[in-house]
>>> print(open('data.csv').read())   # CSV, C-alpha atoms
chain,number,residue,atom,x,y,z
B,1,MET,CA,131.9,-30.8,-26.2
B,2,ASN,CA,133.5,-28.1,-23.9
B,3,ALA,CA,135.7,-25.4,-25.6
B,4,PRO,CA,139.3,-25.6,-24.5
B,5,ALA,CA,140.3,-23.5,-21.6
B,6,GLU,CA,141.9,-20.2,-22.5
B,7,PRO,CA,145.5,-20.1,-21.3
B,8,ILE,CA,146.5,-17.8,-18.6
B,9,ASP,CA,148.5,-14.8,-19.8
B,10,SER,CA,151.8,-15.1,-18.0
B,11,GLU,CA,152.5,-11.4,-18.1
B,12,ALA,CA,149.1,-10.6,-16.7
B,13,LEU,CA,149.6,-13.3,-14.0
B,14,ALA,CA,152.9,-11.7,-13.0
B,15,ALA,CA,151.3,-8.3,-12.8
B,16,PHE,CA,148.5,-9.7,-10.6
B,17,VAL,CA,151.1,-11.2,-8.2
B,18,CYS,CA,152.8,-7.8,-8.0
B,19,PHE,CA,149.4,-6.1,-7.2
B,20,ALA,CA,148.2,-8.9,-4.8
B,21,GLU,CA,151.4,-8.6,-2.7
B,22,ARG,CA,150.8,-4.9,-2.3
B,23,LEU,CA,147.0,-4.5,-2.6
B,24,ASN,CA,147.7,-1.0,-3.9
B,25,PHE,CA,147.4,-0.1,-7.6
B,26,THR,CA,149.6,2.9,-7.3
B,27,HIS,CA,152.5,1.0,-5.8
B,28,ALA,CA,152.1,-2.0,-8.0
B,29,ALA,CA,151.9,0.0,-11.2
B,30,LYS,CA,155.1,1.9,-10.2
B,31,ALA,CA,156.9,-1.4,-9.5
B,32,LEU,CA,155.8,-2.7,-12.9
B,33,HIS,CA,156.6,0.5,-14.8
B,34,LEU,CA,153.0,0.6,-16.0
B,35,SER,CA,150.3,3.2,-15.8
B,36,GLN,CA,147.5,2.5,-13.3
B,37,PRO,CA,144.8,2.2,-16.1
B,38,ALA,CA,147.0,-0.4,-17.9
B,39,LEU,CA,147.4,-2.4,-14.7
B,40,HIS,CA,143.7,-2.2,-14.0
B,41,ALA,CA,143.0,-3.4,-17.5
B,42,LYS,CA,145.4,-6.4,-17.2
B,43,ILE,CA,143.9,-7.6,-13.9
B,44,ARG,CA,140.3,-7.0,-15.1
B,45,LYS,CA,140.9,-9.0,-18.3
B,46,LEU,CA,142.7,-11.8,-16.3
B,47,GLY,CA,139.7,-12.1,-13.9
B,48,ALA,CA,137.2,-12.0,-16.8
B,49,GLY,CA,139.1,-14.8,-18.6
B,50,LEU,CA,139.0,-16.9,-15.5
B,51,GLY,CA,135.4,-16.1,-14.8
B,52,VAL,CA,136.0,-14.9,-11.2
B,53,GLU,CA,136.4,-11.8,-9.1
B,54,LEU,CA,140.0,-11.5,-7.9
B,55,TYR,CA,139.6,-8.7,-5.4
B,56,ARG,CA,137.0,-6.5,-3.7
B,57,ARG,CA,136.9,-3.3,-1.9
B,58,GLU,CA,136.1,-3.2,1.9
B,59,GLY,CA,135.8,0.4,2.9
B,60,ARG,CA,139.0,2.0,1.8
B,61,ARG,CA,140.9,-1.2,1.6
B,62,LEU,CA,141.3,-3.7,-1.2
B,63,VAL,CA,141.2,-7.4,-0.2
B,64,LEU,CA,141.7,-10.5,-2.3
B,65,THR,CA,138.8,-12.9,-2.8
B,66,SER,CA,139.3,-16.6,-2.1
B,67,GLN,CA,139.9,-17.0,-5.8
B,68,GLY,CA,142.4,-14.1,-5.8
B,69,GLU,CA,144.3,-15.8,-2.9
B,70,ALA,CA,144.3,-19.1,-4.9
B,71,LEU,CA,145.6,-17.3,-8.0
B,72,LEU,CA,148.3,-15.5,-5.9
B,73,ARG,CA,149.4,-18.8,-4.5
B,74,PHE,CA,149.5,-20.4,-8.0
B,75,GLY,CA,151.5,-17.4,-9.4
B,76,ARG,CA,154.1,-17.7,-6.7
B,77,GLU,CA,154.4,-21.5,-7.1
B,78,LEU,CA,154.7,-21.1,-10.9
B,79,ASP,CA,157.4,-18.5,-10.5
B,80,GLY,CA,159.4,-20.7,-8.2
B,81,ARG,CA,159.0,-23.8,-10.4
B,82,THR,CA,160.0,-21.8,-13.5
B,83,ARG,CA,163.1,-20.6,-11.8
B,84,GLU,CA,164.1,-24.1,-10.8
B,85,PHE,CA,163.3,-25.5,-14.3
B,86,ARG,CA,165.5,-22.8,-16.0
B,87,ALA,CA,168.4,-23.6,-13.6
B,88,GLU,CA,168.0,-27.3,-14.4
B,89,LEU,CA,168.0,-26.6,-18.1
B,90,ARG,CA,171.2,-24.6,-17.8
B,91,GLY,CA,172.8,-27.4,-15.7
B,92,GLU,CA,173.2,-25.2,-12.7
B,93,ASP,CA,173.8,-27.2,-9.5
B,94,GLY,CA,172.8,-24.5,-7.1
B,95,PRO,CA,170.9,-24.7,-3.8
B,96,GLY,CA,167.5,-24.2,-5.5
B,97,ALA,CA,164.6,-22.0,-4.4
B,98,PRO,CA,164.4,-21.3,-0.6
B,99,VAL,CA,162.0,-23.1,1.6
B,100,VAL,CA,159.8,-20.5,3.4
B,101,LEU,CA,158.7,-21.2,6.9
B,102,ALA,CA,156.4,-18.9,8.8
B,103,ALA,CA,156.0,-19.1,12.6
B,104,GLY,CA,155.9,-17.0,15.7
B,105,GLN,CA,158.9,-15.9,17.7
B,106,GLY,CA,158.3,-18.5,20.4
B,107,SER,CA,158.0,-21.3,17.9
B,108,PHE,CA,161.3,-20.4,16.3
B,109,LEU,CA,163.1,-20.1,19.7
B,110,TYR,CA,161.6,-23.1,21.6
B,111,LEU,CA,160.0,-25.5,19.1
B,112,LEU,CA,161.9,-25.5,15.8
B,113,GLY,CA,165.6,-25.0,16.7
B,114,ASP,CA,166.6,-28.6,16.6
B,115,ALA,CA,164.8,-29.2,13.2
B,116,LEU,CA,166.4,-26.1,11.7
B,117,ARG,CA,169.8,-27.1,13.0
B,118,ARG,CA,169.5,-30.5,11.4
B,119,HIS,CA,168.3,-29.0,8.2
B,120,ALA,CA,171.3,-26.7,8.0
B,121,ARG,CA,173.7,-29.7,8.5
B,122,ARG,CA,172.4,-31.4,5.3
B,123,ARG,CA,174.7,-30.9,2.4
B,124,ASP,CA,171.9,-30.9,-0.1
B,125,ALA,CA,169.5,-28.8,2.0
B,126,ALA,CA,167.7,-25.9,0.3
B,127,PRO,CA,168.2,-22.4,1.8
B,128,LEU,CA,165.7,-21.3,4.4
B,129,ARG,CA,163.7,-18.1,4.6
B,130,LEU,CA,162.1,-17.6,7.9
B,131,LEU,CA,159.0,-15.3,8.4
B,132,THR,CA,158.2,-14.2,11.9
B,133,ARG,CA,154.4,-14.1,11.9
B,134,ASP,CA,151.6,-14.4,14.5
B,135,ARG,CA,148.9,-17.1,14.0
B,136,ASP,CA,146.8,-15.0,11.5
B,137,GLY,CA,149.9,-13.9,9.7
B,138,THR,CA,151.1,-17.5,9.3
B,139,LEU,CA,147.8,-18.6,7.9
B,140,ALA,CA,147.7,-15.7,5.5
B,141,ALA,CA,151.3,-16.5,4.3
B,142,LEU,CA,150.3,-20.1,3.7
B,143,ARG,CA,147.1,-19.3,1.8
B,144,SER,CA,148.8,-16.7,-0.4
B,145,GLY,CA,151.8,-19.0,-1.3
B,146,GLU,CA,154.2,-16.7,0.5
B,147,ALA,CA,155.2,-19.6,2.8
B,148,ALA,CA,155.2,-23.3,2.1
B,149,LEU,CA,155.2,-24.4,5.8
B,150,GLY,CA,154.0,-22.8,9.0
B,151,VAL,CA,153.7,-23.5,12.7
B,152,ALA,CA,150.9,-22.0,14.8
B,153,ALA,CA,148.9,-22.7,17.9
B,154,LEU,CA,145.3,-23.5,16.8
B,155,GLU,CA,142.0,-24.5,18.4
B,156,VAL,CA,140.3,-25.2,15.0
B,157,LEU,CA,142.2,-26.5,12.0
B,158,PRO,CA,142.0,-24.3,8.9
B,159,GLU,CA,140.4,-25.4,5.7
B,160,GLY,CA,142.5,-25.9,2.6
B,161,LEU,CA,145.8,-26.6,4.4
B,162,ASP,CA,147.4,-29.8,5.5
B,163,ALA,CA,148.0,-30.1,9.3
B,164,TRP,CA,149.9,-32.4,11.6
B,165,ALA,CA,150.0,-32.3,15.4
B,166,LEU,CA,153.3,-31.0,16.5
B,167,ARG,CA,153.2,-30.5,20.3
B,168,GLU,CA,150.8,-30.0,23.2
B,169,VAL,CA,152.1,-27.5,25.8
B,170,SER,CA,150.8,-26.6,29.3
B,171,GLN,CA,150.5,-23.1,30.8
B,172,VAL,CA,152.9,-22.1,33.6
B,173,LEU,CA,153.2,-19.1,35.9
B,174,VAL,CA,156.7,-17.5,35.7
B,175,MET,CA,157.9,-15.7,38.7
B,176,PRO,CA,161.0,-14.8,40.7
B,177,SER,CA,162.3,-17.8,42.7
B,178,ARG,CA,161.7,-15.7,45.9
B,179,HIS,CA,158.1,-15.0,45.2
B,180,PRO,CA,155.7,-16.6,47.8
B,181,LEU,CA,153.9,-18.7,45.0
B,182,ALA,CA,157.3,-20.2,44.1
B,183,ARG,CA,156.9,-22.5,47.1
B,184,ARG,CA,153.8,-24.1,45.5
B,185,ARG,CA,154.1,-27.2,43.3
B,186,THR,CA,151.1,-26.1,41.2
B,187,ILE,CA,149.2,-22.9,41.0
B,188,ARG,CA,145.4,-22.4,41.3
B,189,LEU,CA,143.8,-19.5,39.5
B,190,GLU,CA,142.5,-18.1,42.8
B,191,GLN,CA,146.1,-17.6,44.0
B,192,LEU,CA,146.5,-14.9,41.3
B,193,GLU,CA,144.0,-12.6,43.1
B,194,GLY,CA,145.3,-9.1,43.0
B,195,GLU,CA,148.5,-9.9,41.1
B,196,GLY,CA,149.9,-7.7,38.3
B,197,LEU,CA,150.4,-9.8,35.2
B,198,ILE,CA,152.5,-9.3,32.1
B,199,VAL,CA,150.3,-10.1,29.2
B,200,ALA,CA,149.9,-9.9,25.5
B,201,PRO,CA,147.9,-6.9,24.1
B,202,ALA,CA,144.1,-7.1,24.2
B,203,GLY,CA,142.6,-9.2,21.5
B,204,ARG,CA,145.5,-11.7,21.3
B,205,PRO,CA,144.4,-15.3,21.7
B,206,HIS,CA,146.6,-16.1,24.7
B,207,ARG,CA,145.5,-12.9,26.5
B,208,GLU,CA,141.8,-13.6,25.8
B,209,THR,CA,142.0,-17.3,27.0
B,210,LEU,CA,143.7,-16.2,30.3
B,211,ALA,CA,141.3,-13.3,30.9
B,212,ARG,CA,138.3,-15.6,30.4
B,213,ALA,CA,139.7,-18.2,32.8
B,214,LEU,CA,140.4,-15.6,35.5
B,215,LEU,CA,137.0,-14.0,35.1
B,216,SER,CA,135.3,-17.4,35.3
B,217,ALA,CA,137.2,-18.1,38.6
B,218,GLY,CA,136.2,-14.7,40.0
B,219,VAL,CA,139.8,-13.5,40.1
B,220,ARG,CA,140.6,-9.8,40.0
B,221,TRP,CA,144.0,-9.0,38.5
B,222,GLU,CA,145.8,-6.0,37.0
B,223,VAL,CA,147.8,-5.5,33.8
B,224,ALA,CA,151.4,-4.8,34.8
B,225,VAL,CA,152.8,-4.7,31.3
B,226,GLU,CA,151.4,-5.3,27.8
B,227,THR,CA,154.0,-6.8,25.4
B,228,HIS,CA,154.5,-9.2,22.5
B,229,GLY,CA,156.3,-12.5,22.7
B,230,TRP,CA,157.5,-14.9,25.4
B,231,PRO,CA,161.1,-13.5,25.6
B,232,ALA,CA,159.8,-10.0,26.4
B,233,MET,CA,157.4,-11.3,29.0
B,234,VAL,CA,160.1,-13.3,30.7
B,235,HIS,CA,162.5,-10.3,30.6
B,236,PHE,CA,159.9,-8.1,32.4
B,237,VAL,CA,159.3,-10.7,35.0
B,238,ARG,CA,163.1,-10.8,35.6
B,239,LEU,CA,163.0,-7.0,36.0
B,240,GLY,CA,160.3,-7.4,38.7
B,241,LEU,CA,157.5,-5.7,36.9
B,242,GLY,CA,155.0,-8.6,37.4
B,243,LEU,CA,154.2,-12.3,36.8
B,244,ALA,CA,153.5,-13.9,33.5
B,245,VAL,CA,151.7,-17.0,32.2
B,246,VAL,CA,153.5,-18.6,29.3
B,247,ASN,CA,153.9,-21.9,27.5
B,248,ASP,CA,155.9,-24.5,29.4
B,249,PHE,CA,158.5,-24.8,26.6
B,250,VAL,CA,159.8,-21.3,27.3
B,251,GLU,CA,163.4,-21.3,28.6
B,252,LEU,CA,163.9,-19.3,31.8
B,253,PRO,CA,167.0,-17.5,33.0
B,254,ARG,CA,168.5,-18.0,36.4
B,255,GLY,CA,166.4,-16.5,39.2
B,256,LEU,CA,163.1,-17.3,37.7
B,257,VAL,CA,160.9,-20.4,38.2
B,258,ALA,CA,157.8,-21.8,36.5
B,259,ARG,CA,154.8,-23.6,38.1
B,260,PRO,CA,152.0,-25.3,36.2
B,261,ILE,CA,148.5,-23.9,36.2
B,262,ARG,CA,146.3,-26.9,35.9
B,263,ALA,CA,143.0,-25.0,35.3
B,264,LEU,CA,144.3,-23.5,32.1
B,265,PRO,CA,143.8,-25.4,28.8
B,266,ALA,CA,146.7,-26.8,27.0
B,267,THR,CA,147.9,-25.2,23.8
B,268,HIS,CA,148.2,-27.3,20.7
B,269,TYR,CA,150.8,-26.4,18.1
B,270,TRP,CA,150.4,-27.6,14.5
B,271,LEU,CA,152.7,-27.9,11.5
B,272,LEU,CA,150.8,-26.5,8.5
B,273,ALA,CA,151.5,-26.9,4.9
B,274,ALA,CA,150.2,-25.4,1.7
B,275,PRO,CA,149.1,-27.8,-1.1
B,276,ARG,CA,151.7,-29.3,-3.5
B,277,LEU,CA,154.8,-29.1,-1.4
B,278,SER,CA,158.2,-29.1,-3.1
B,279,ASP,CA,160.6,-31.9,-2.3
B,280,SER,CA,162.7,-29.4,-0.2
B,281,ALA,CA,159.7,-28.3,1.8
B,282,ARG,CA,158.6,-31.9,2.4
B,283,ALA,CA,162.1,-32.8,3.6
B,284,LEU,CA,162.0,-29.9,6.2
B,285,ALA,CA,158.5,-30.9,7.3
B,286,GLU,CA,159.8,-34.4,8.0
B,287,LEU,CA,162.5,-33.0,10.2
B,288,ILE,CA,160.0,-30.8,12.1
B,289,LEU,CA,157.5,-33.5,12.9
B,290,PRO,CA,157.8,-35.5,16.2
B,291,GLY,CA,159.7,-38.8,15.9
B,292,SER,CA,161.9,-37.7,13.0
B,293,ASP,CA,165.4,-39.1,13.2
B,294,ALA,CA,166.6,-37.7,9.9
>>> encode(input="data.csv", output="structure tokens")
Amino acid sequence: MNAPAEPIDSEALAAFVCFAERLNFTHAAKALHLSQPALHAKIRKLGAGLGVELYRREGRRLVLTSQGEALLRFGRELDGRTREFRAELRGEDGPGAPVVLAAGQGSFLYLLGDALRRHARRRDAAPLRLLTRDRDGTLAALRSGEAALGVAALEVLPEGLDAWALREVSQVLVMPSRHPLARRRTIRLEQLEGEGLIVAPAGRPHRETLARALLSAGVRWEVAVETHGWPAMVHFVRLGLGLAVVNDFVELPRGLVARPIRALPATHYWLLAAPRLSDSARALAELILPGSDA
């Protein structure tokens, strides 16, 4: 017969959450008003009681193990549920804990506006907390429990998260309406020979996909501007600094036009969710998914 599991020390769990959010013992100990040795001891005892390593050192950095990420997510969920339960016991009829949604700037501007507007119109809607994160940041926020929902463009679905197809978008070339290529109905990659392009910084997924496609087509091009986000790219096109390849959902100001580039692969956006969604988070997810008429 197995011995009963040792309960998790709630004080040690709260201390671990504080540490895991900072990954710095000095800063966490200061926030908790503890000495660093005392905080070390709490987290070491917590990991030993669970039988797992909660973090490891990579060079000069501390990083959470997969078990540490799971414990951070559990600690955040427990804190939120405890707050809600206390409010319920006191008979408070407040808005409840916020629903945290992580996504990129483009998703907030061009994909999620209608769902967020409908959520805000609901009388019983929970407050929203929006995290502007790139793809990797969105996945990290979901895995750590910092966010309940996320939207990201993905080629491979992540393990441990629920995922629903949200939208497939094509790639378009944005240019001034007077540009010679604006007369074309569609754009071939070869027609970008010698053009100066406004692109994301090196290493970003969209930049790498575009660069590989142009290289495969034997197209020589130049970096006109490196910048983050669709709005900034469109702004610099409007200033005449170059052309940009963006998703087809991007809204353009007067004077600019977009033409599809058939040779570039479509981008697939997904709604992602951490396990054990709250009712409030599930209600927002239903508004975000295609076909919702809530």
>>> closest_residue(input="data.csv", among="B:His206, B:Arg238, B:Lys45, B:Lys30", to="Ile8 in chain B", atoms="all atoms listed in the file")
B:Lys45
>>> residues_around(input="data.csv", residues="range 169-183 of chain B", least_positions_apart="4", cutoff="9 Å", atoms="all atoms listed in the file", output="ChimeraX atom specification")
/B:187,191,234,237-238,240,242-249,252,254-269
>>> atom_distance(input="data.csv", atom1="CA of Ala202 in chain B", atom2="CA of Trp221 in chain B")
14.4 Å
>>> closest_residue(input="data.csv", among="B:Ala120, B:Gly104, B:Trp164, B:Ala28", to="Asp136 in chain B", atoms="all atoms listed in the file")
B:Gly104
>>> atom_distance(input="data.csv", atom1="CA of His27 in chain B", atom2="CA of Leu39 in chain B")
10.8 Å
>>> atom_distance(input="data.csv", atom1="CA of Leu131 in chain B", atom2="CA of Ser280 in chain B")
16.9 Å
>>> decode(input="data.csv", residues="range 262-279 of chain B", atoms="N, CA and C atoms", output="tab-separated table (two decimals), in the first residue's frame")
chain	number	residue	atom	x	y	z
B	262	ARG	N	1.50	34.44	-54.61
B	262	ARG	CA	1.02	33.06	-54.57
B	262	ARG	C	2.10	32.07	-54.15
B	263	ALA	N	3.37	32.37	-54.42
B	263	ALA	CA	4.43	31.40	-54.14
B	263	ALA	C	4.75	31.27	-52.67
B	264	LEU	N	4.29	32.21	-51.85
B	264	LEU	CA	4.60	32.15	-50.42
B	264	LEU	C	3.54	31.32	-49.69
B	265	PRO	N	3.95	30.52	-48.72
B	265	PRO	CA	2.98	29.68	-48.00
B	265	PRO	C	2.05	30.51	-47.14
B	266	ALA	N	0.84	29.99	-46.95
B	266	ALA	CA	-0.12	30.64	-46.06
B	266	ALA	C	0.36	30.52	-44.62
B	267	THR	N	-0.07	31.46	-43.80
B	267	THR	CA	0.22	31.44	-42.37
B	267	THR	C	-1.02	30.98	-41.62
B	268	HIS	N	-0.84	30.06	-40.69
B	268	HIS	CA	-1.96	29.50	-39.95
B	268	HIS	C	-1.93	30.00	-38.51
B	269	TYR	N	-3.00	30.67	-38.12
B	269	TYR	CA	-3.13	31.18	-36.76
B	269	TYR	C	-3.98	30.22	-35.94
B	270	TRP	N	-3.58	30.04	-34.69
B	270	TRP	CA	-4.24	29.10	-33.80
B	270	TRP	C	-4.61	29.78	-32.49
B	271	LEU	N	-5.75	29.39	-31.96
B	271	LEU	CA	-6.10	29.75	-30.59
B	271	LEU	C	-5.59	28.65	-29.69
B	272	LEU	N	-4.81	29.03	-28.70
B	272	LEU	CA	-4.17	28.07	-27.80
B	272	LEU	C	-4.69	28.27	-26.39
B	273	ALA	N	-4.77	27.19	-25.64
B	273	ALA	CA	-5.28	27.29	-24.28
B	273	ALA	C	-4.50	26.38	-23.35
B	274	ALA	N	-4.27	26.88	-22.16
B	274	ALA	CA	-3.67	26.07	-21.11
B	274	ALA	C	-4.70	25.07	-20.60
B	275	PRO	N	-4.28	23.98	-19.97
B	275	PRO	CA	-5.24	23.02	-19.40
B	275	PRO	C	-6.10	23.66	-18.32
B	276	ARG	N	-7.27	23.09	-18.13
B	276	ARG	CA	-8.17	23.47	-17.05
B	276	ARG	C	-8.57	24.95	-17.12
B	277	LEU	N	-9.21	25.31	-18.21
B	277	LEU	CA	-9.68	26.68	-18.38
B	277	LEU	C	-10.78	27.02	-17.38
B	278	SER	N	-10.76	28.24	-16.91
B	278	SER	CA	-11.87	28.72	-16.08
B	278	SER	C	-13.08	28.97	-16.98
B	279	ASP	N	-14.23	29.11	-16.37
B	279	ASP	CA	-15.44	29.39	-17.15
B	279	ASP	C	-15.31	30.71	-17.92
